[in-house]
Amino acid sequence: MMNLNNFARGPASTRLLFDFGCERGLPSVKLLAGSGLSQAQLADPDVQLTASQRLHVAKNLLQGVDEIKLDGQVY
């Protein structure tokens with residue numbers, strides 16, 4: 001049985017998380033910290049990301065939630 005955590009995937013969903021954070025003022029360096037990814041890799045549809053890389057970006061976004069501005073409000 002294939003372990004879904006180790007299954008490589010394209011960058012589309014991770015790019016959405018990254019763009020969401022950047023559009024709300026989180027620094028790209030902070031969002032990509034620990035992932036080993038660059039912005040160029042997220043823009044390349046042929047790049048395959050590991051679960052660990054995807055989870056690093058998601059974790060960094062969640063850790064930055066206190067800094068995110070939604071509709072002009074800081075939450």
# chains A, B, ... in the order shown; residues from 1 in each chain; ligands from 1
$ select_by_dssp --residues "chain A" --states "helix (DSSP H, G or I)" --output "PyMOL selection string"
chain A and resi 4-6+12-23+28-32+39-43+51-63+65-67
$ select_by_dssp --residues "chain A" --states "strand (DSSP E or B)" --output "number ranges by chain"
A: 9, 49, 69-70, 73-74
$ write_last_selection --atoms "all heavy atoms" --output "mmCIF file, in the first residue's frame"
data_model
loop_
_atom_site.group_PDB
_atom_site.id
_atom_site.type_symbol
_atom_site.label_atom_id
_atom_site.label_comp_id
_atom_site.auth_asym_id
_atom_site.auth_seq_id
_atom_site.Cartn_x
_atom_site.Cartn_y
_atom_site.Cartn_z
ATOM 1 N N ARG A 9 3.386 15.557 -5.161
ATOM 2 C CA ARG A 9 2.279 16.258 -5.808
ATOM 3 C C ARG A 9 2.801 17.535 -6.448
ATOM 4 O O ARG A 9 3.838 18.059 -6.063
ATOM 5 C CB ARG A 9 1.207 16.617 -4.772
ATOM 6 C CG ARG A 9 0.491 15.413 -4.210
ATOM 7 C CD ARG A 9 -0.489 15.828 -3.116
ATOM 8 N NE ARG A 9 -1.199 14.700 -2.554
ATOM 9 C CZ ARG A 9 -0.755 13.946 -1.565
ATOM 10 N NH1 ARG A 9 0.417 14.193 -1.016
ATOM 11 N NH2 ARG A 9 -1.468 12.942 -1.108
ATOM 12 N N LEU A 49 6.338 18.255 -5.187
ATOM 13 C CA LEU A 49 6.601 18.592 -3.789
ATOM 14 C C LEU A 49 6.319 17.397 -2.896
ATOM 15 O O LEU A 49 5.386 16.634 -3.146
ATOM 16 C CB LEU A 49 5.721 19.756 -3.340
ATOM 17 C CG LEU A 49 5.746 21.027 -4.183
ATOM 18 C CD1 LEU A 49 4.852 22.078 -3.548
ATOM 19 C CD2 LEU A 49 7.144 21.541 -4.360
ATOM 20 N N LYS A 69 -4.075 40.138 7.476
ATOM 21 C CA LYS A 69 -5.141 41.128 7.387
ATOM 22 C C LYS A 69 -6.205 40.596 6.426
ATOM 23 O O LYS A 69 -5.924 40.268 5.289
ATOM 24 C CB LYS A 69 -4.591 42.452 6.865
ATOM 25 C CG LYS A 69 -3.594 43.087 7.794
ATOM 26 C CD LYS A 69 -3.046 44.348 7.219
ATOM 27 C CE LYS A 69 -1.992 44.924 8.155
ATOM 28 N NZ LYS A 69 -1.356 46.126 7.603
ATOM 29 N N LEU A 70 -7.418 40.502 6.905
ATOM 30 C CA LEU A 70 -8.541 40.082 6.081
ATOM 31 C C LEU A 70 -9.543 41.217 5.992
ATOM 32 O O LEU A 70 -10.030 41.701 7.017
ATOM 33 C CB LEU A 70 -9.209 38.829 6.662
ATOM 34 C CG LEU A 70 -8.342 37.587 6.779
ATOM 35 C CD1 LEU A 70 -9.090 36.505 7.542
ATOM 36 C CD2 LEU A 70 -7.947 37.087 5.407
ATOM 37 N N GLN A 73 -9.105 44.152 8.261
ATOM 38 C CA GLN A 73 -9.100 43.854 9.697
ATOM 39 C C GLN A 73 -7.885 42.993 10.032
ATOM 40 O O GLN A 73 -7.489 42.150 9.246
ATOM 41 C CB GLN A 73 -10.363 43.081 10.089
ATOM 42 C CG GLN A 73 -11.656 43.782 9.762
ATOM 43 C CD GLN A 73 -11.979 44.854 10.783
ATOM 44 O OE1 GLN A 73 -11.579 44.794 11.915
ATOM 45 N NE2 GLN A 73 -12.728 45.846 10.357
ATOM 46 N N VAL A 74 -7.315 43.211 11.162
ATOM 47 C CA VAL A 74 -6.250 42.350 11.652
ATOM 48 C C VAL A 74 -6.867 41.386 12.633
ATOM 49 O O VAL A 74 -7.553 41.778 13.570
ATOM 50 C CB VAL A 74 -5.125 43.146 12.331
ATOM 51 C CG1 VAL A 74 -4.076 42.219 12.902
ATOM 52 C CG2 VAL A 74 -4.510 44.130 11.352
#
$ residues_around --residues "Lys30 in chain A" --least-positions-apart "5" --cutoff "12 Å" --atoms "only C-alpha atoms" --output "MDAnalysis selection string"
chainID A and resid 18 21:22 25 35:39 56:65 67
$ write_last_selection --atoms "all heavy atoms" --output "short mmCIF file (atom, residue, chain, number, x, y, z; two decimals), in the first residue's frame"
data_model
loop_
_atom_site.label_atom_id
_atom_site.label_comp_id
_atom_site.auth_asym_id
_atom_site.auth_seq_id
_atom_site.Cartn_x
_atom_site.Cartn_y
_atom_site.Cartn_z
N PHE A 18 0.54 29.87 -0.36
CA PHE A 18 1.62 30.86 -0.42
C PHE A 18 1.08 32.22 -0.88
O PHE A 18 1.33 33.24 -0.25
CB PHE A 18 2.72 30.36 -1.36
CG PHE A 18 3.82 31.34 -1.60
CD1 PHE A 18 4.84 31.49 -0.68
CD2 PHE A 18 3.84 32.11 -2.76
CE1 PHE A 18 5.87 32.40 -0.90
CE2 PHE A 18 4.86 33.01 -2.99
CZ PHE A 18 5.87 33.16 -2.06
N GLY A 21 -1.10 33.97 1.76
CA GLY A 21 -0.30 34.62 2.80
C GLY A 21 0.39 35.87 2.31
O GLY A 21 0.38 36.91 3.00
N CYS A 22 0.98 35.81 1.12
CA CYS A 22 1.68 36.98 0.57
C CYS A 22 0.73 38.14 0.32
O CYS A 22 1.05 39.29 0.61
CB CYS A 22 2.40 36.60 -0.73
SG CYS A 22 3.87 35.60 -0.51
N GLY A 25 0.14 40.13 3.35
CA GLY A 25 1.26 40.80 3.98
C GLY A 25 2.30 39.93 4.66
O GLY A 25 3.24 40.46 5.25
N SER A 35 10.97 24.83 4.23
CA SER A 35 10.40 23.96 3.19
C SER A 35 11.43 23.55 2.14
O SER A 35 11.23 22.57 1.43
CB SER A 35 9.24 24.67 2.49
OG SER A 35 9.72 25.74 1.68
N GLY A 36 12.51 24.33 2.03
CA GLY A 36 13.49 24.06 0.99
C GLY A 36 13.00 24.48 -0.39
O GLY A 36 13.60 24.13 -1.40
N LEU A 37 11.90 25.24 -0.42
CA LEU A 37 11.31 25.66 -1.70
C LEU A 37 11.64 27.11 -2.00
O LEU A 37 11.84 27.92 -1.10
CB LEU A 37 9.79 25.52 -1.64
CG LEU A 37 9.23 24.12 -1.54
CD1 LEU A 37 7.73 24.15 -1.24
CD2 LEU A 37 9.51 23.34 -2.82
N SER A 38 11.63 27.42 -3.30
CA SER A 38 11.77 28.79 -3.75
C SER A 38 10.47 29.21 -4.43
O SER A 38 9.65 28.37 -4.80
CB SER A 38 12.92 28.91 -4.76
OG SER A 38 12.59 28.22 -5.96
N GLN A 39 10.31 30.50 -4.62
CA GLN A 39 9.14 30.98 -5.34
C GLN A 39 9.11 30.44 -6.77
O GLN A 39 8.04 30.14 -7.30
CB GLN A 39 9.12 32.51 -5.36
CG GLN A 39 8.84 33.11 -4.00
CD GLN A 39 8.75 34.63 -4.08
OE1 GLN A 39 8.09 35.17 -4.96
NE2 GLN A 39 9.41 35.29 -3.15
N HIS A 56 5.19 22.28 5.58
CA HIS A 56 5.96 23.41 6.10
C HIS A 56 5.29 24.73 5.70
O HIS A 56 5.18 25.64 6.53
CB HIS A 56 7.40 23.39 5.56
CG HIS A 56 8.37 22.73 6.47
ND1 HIS A 56 8.69 21.40 6.39
CD2 HIS A 56 9.07 23.22 7.50
CE1 HIS A 56 9.56 21.09 7.32
NE2 HIS A 56 9.81 22.19 8.03
N VAL A 57 4.88 24.84 4.45
CA VAL A 57 4.25 26.08 4.00
C VAL A 57 2.92 26.28 4.74
O VAL A 57 2.62 27.39 5.21
CB VAL A 57 4.05 26.08 2.47
CG1 VAL A 57 3.27 27.31 2.02
CG2 VAL A 57 5.40 26.01 1.76
N ALA A 58 2.13 25.23 4.89
CA ALA A 58 0.85 25.34 5.61
C ALA A 58 1.09 25.73 7.07
O ALA A 58 0.38 26.60 7.60
CB ALA A 58 0.10 24.02 5.53
N LYS A 59 2.06 25.12 7.71
CA LYS A 59 2.39 25.44 9.11
C LYS A 59 2.83 26.89 9.24
O LYS A 59 2.40 27.60 10.15
CB LYS A 59 3.49 24.51 9.61
CG LYS A 59 3.95 24.81 11.04
CD LYS A 59 5.19 24.04 11.39
CE LYS A 59 6.33 24.65 10.63
NZ LYS A 59 7.63 24.65 11.20
N ASN A 60 3.67 27.34 8.31
CA ASN A 60 4.15 28.72 8.36
C ASN A 60 3.00 29.70 8.17
O ASN A 60 2.97 30.75 8.82
CB ASN A 60 5.22 28.95 7.30
CG ASN A 60 6.49 28.18 7.59
OD1 ASN A 60 6.75 27.76 8.72
ND2 ASN A 60 7.28 27.95 6.57
N LEU A 61 2.06 29.38 7.31
CA LEU A 61 0.90 30.23 7.11
C LEU A 61 0.07 30.29 8.39
O LEU A 61 -0.33 31.36 8.85
CB LEU A 61 0.05 29.72 5.94
CG LEU A 61 -1.24 30.48 5.67
CD1 LEU A 61 -0.98 31.94 5.35
CD2 LEU A 61 -2.02 29.81 4.55
N LEU A 62 -0.18 29.14 9.00
CA LEU A 62 -0.96 29.11 10.25
C LEU A 62 -0.26 29.88 11.37
O LEU A 62 -0.92 30.55 12.16
CB LEU A 62 -1.22 27.67 10.67
CG LEU A 62 -2.22 26.92 9.79
CD1 LEU A 62 -2.27 25.45 10.18
CD2 LEU A 62 -3.60 27.55 9.88
N GLN A 63 1.06 29.77 11.43
CA GLN A 63 1.79 30.50 12.47
C GLN A 63 1.74 32.01 12.24
O GLN A 63 1.88 32.77 13.17
CB GLN A 63 3.23 30.02 12.54
CG GLN A 63 3.35 28.64 13.15
CD GLN A 63 4.78 28.12 13.17
OE1 GLN A 63 5.64 28.57 12.42
NE2 GLN A 63 5.03 27.16 14.03
N GLY A 64 1.52 32.42 10.99
CA GLY A 64 1.45 33.83 10.68
C GLY A 64 0.05 34.40 10.71
O GLY A 64 -0.16 35.57 10.40
N VAL A 65 -0.93 33.59 11.09
CA VAL A 65 -2.33 34.02 11.08
C VAL A 65 -2.54 35.30 11.89
O VAL A 65 -3.33 36.16 11.51
CB VAL A 65 -3.26 32.89 11.57
CG1 VAL A 65 -4.63 33.40 11.98
CG2 VAL A 65 -3.40 31.84 10.49
N GLU A 67 -0.81 37.76 12.03
CA GLU A 67 -0.36 38.92 11.26
C GLU A 67 -1.20 39.16 10.01
O GLU A 67 -1.04 40.18 9.36
CB GLU A 67 1.10 38.71 10.83
CG GLU A 67 2.05 38.48 11.98
CD GLU A 67 3.41 38.05 11.50
OE1 GLU A 67 3.82 38.45 10.39
OE2 GLU A 67 4.07 37.30 12.23
#
$ atom_distance --atom1 "CA of Phe7 in chain A" --atom2 "CA of Gln48 in chain A"
9.3 Å
$ residues_around --residues "Arg15 in chain A" --least-positions-apart "3" --cutoff "9 Å" --atoms "only C-alpha atoms" --output "short mmCIF file (atom, residue, chain, number, x, y, z; two decimals) with N, CA, C and O atoms, in the first residue's frame"
data_model
loop_
_atom_site.label_atom_id
_atom_site.label_comp_id
_atom_site.auth_asym_id
_atom_site.auth_seq_id
_atom_site.Cartn_x
_atom_site.Cartn_y
_atom_site.Cartn_z
N PRO A 11 2.66 21.67 -7.41
CA PRO A 11 2.71 22.80 -6.48
C PRO A 11 1.43 23.64 -6.38
O PRO A 11 1.39 24.59 -5.61
N ALA A 12 0.38 23.31 -7.12
CA ALA A 12 -0.79 24.20 -7.22
C ALA A 12 -1.41 24.55 -5.87
O ALA A 12 -1.64 25.73 -5.58
N PHE A 18 0.54 29.87 -0.36
CA PHE A 18 1.62 30.86 -0.42
C PHE A 18 1.08 32.22 -0.88
O PHE A 18 1.33 33.24 -0.25
N ASP A 19 0.33 32.21 -1.98
CA ASP A 19 -0.22 33.47 -2.51
C ASP A 19 -1.17 34.13 -1.51
O ASP A 19 -1.16 35.35 -1.34
N PHE A 20 -2.00 33.32 -0.84
CA PHE A 20 -2.92 33.85 0.16
C PHE A 20 -2.14 34.60 1.25
O PHE A 20 -2.50 35.72 1.63
N GLN A 39 10.31 30.50 -4.62
CA GLN A 39 9.14 30.98 -5.34
C GLN A 39 9.11 30.44 -6.77
O GLN A 39 8.04 30.14 -7.30
N LEU A 42 7.56 27.01 -6.85
CA LEU A 42 6.11 27.04 -6.71
C LEU A 42 5.42 27.47 -8.00
O LEU A 42 4.27 27.12 -8.24
N ALA A 43 6.13 28.22 -8.83
CA ALA A 43 5.56 28.69 -10.10
C ALA A 43 5.72 27.67 -11.22
O ALA A 43 5.12 27.82 -12.28
#
$ atom_distance --atom1 "CA of Glu23 in chain A" --atom2 "CA of Thr50 in chain A"
24.1 Å
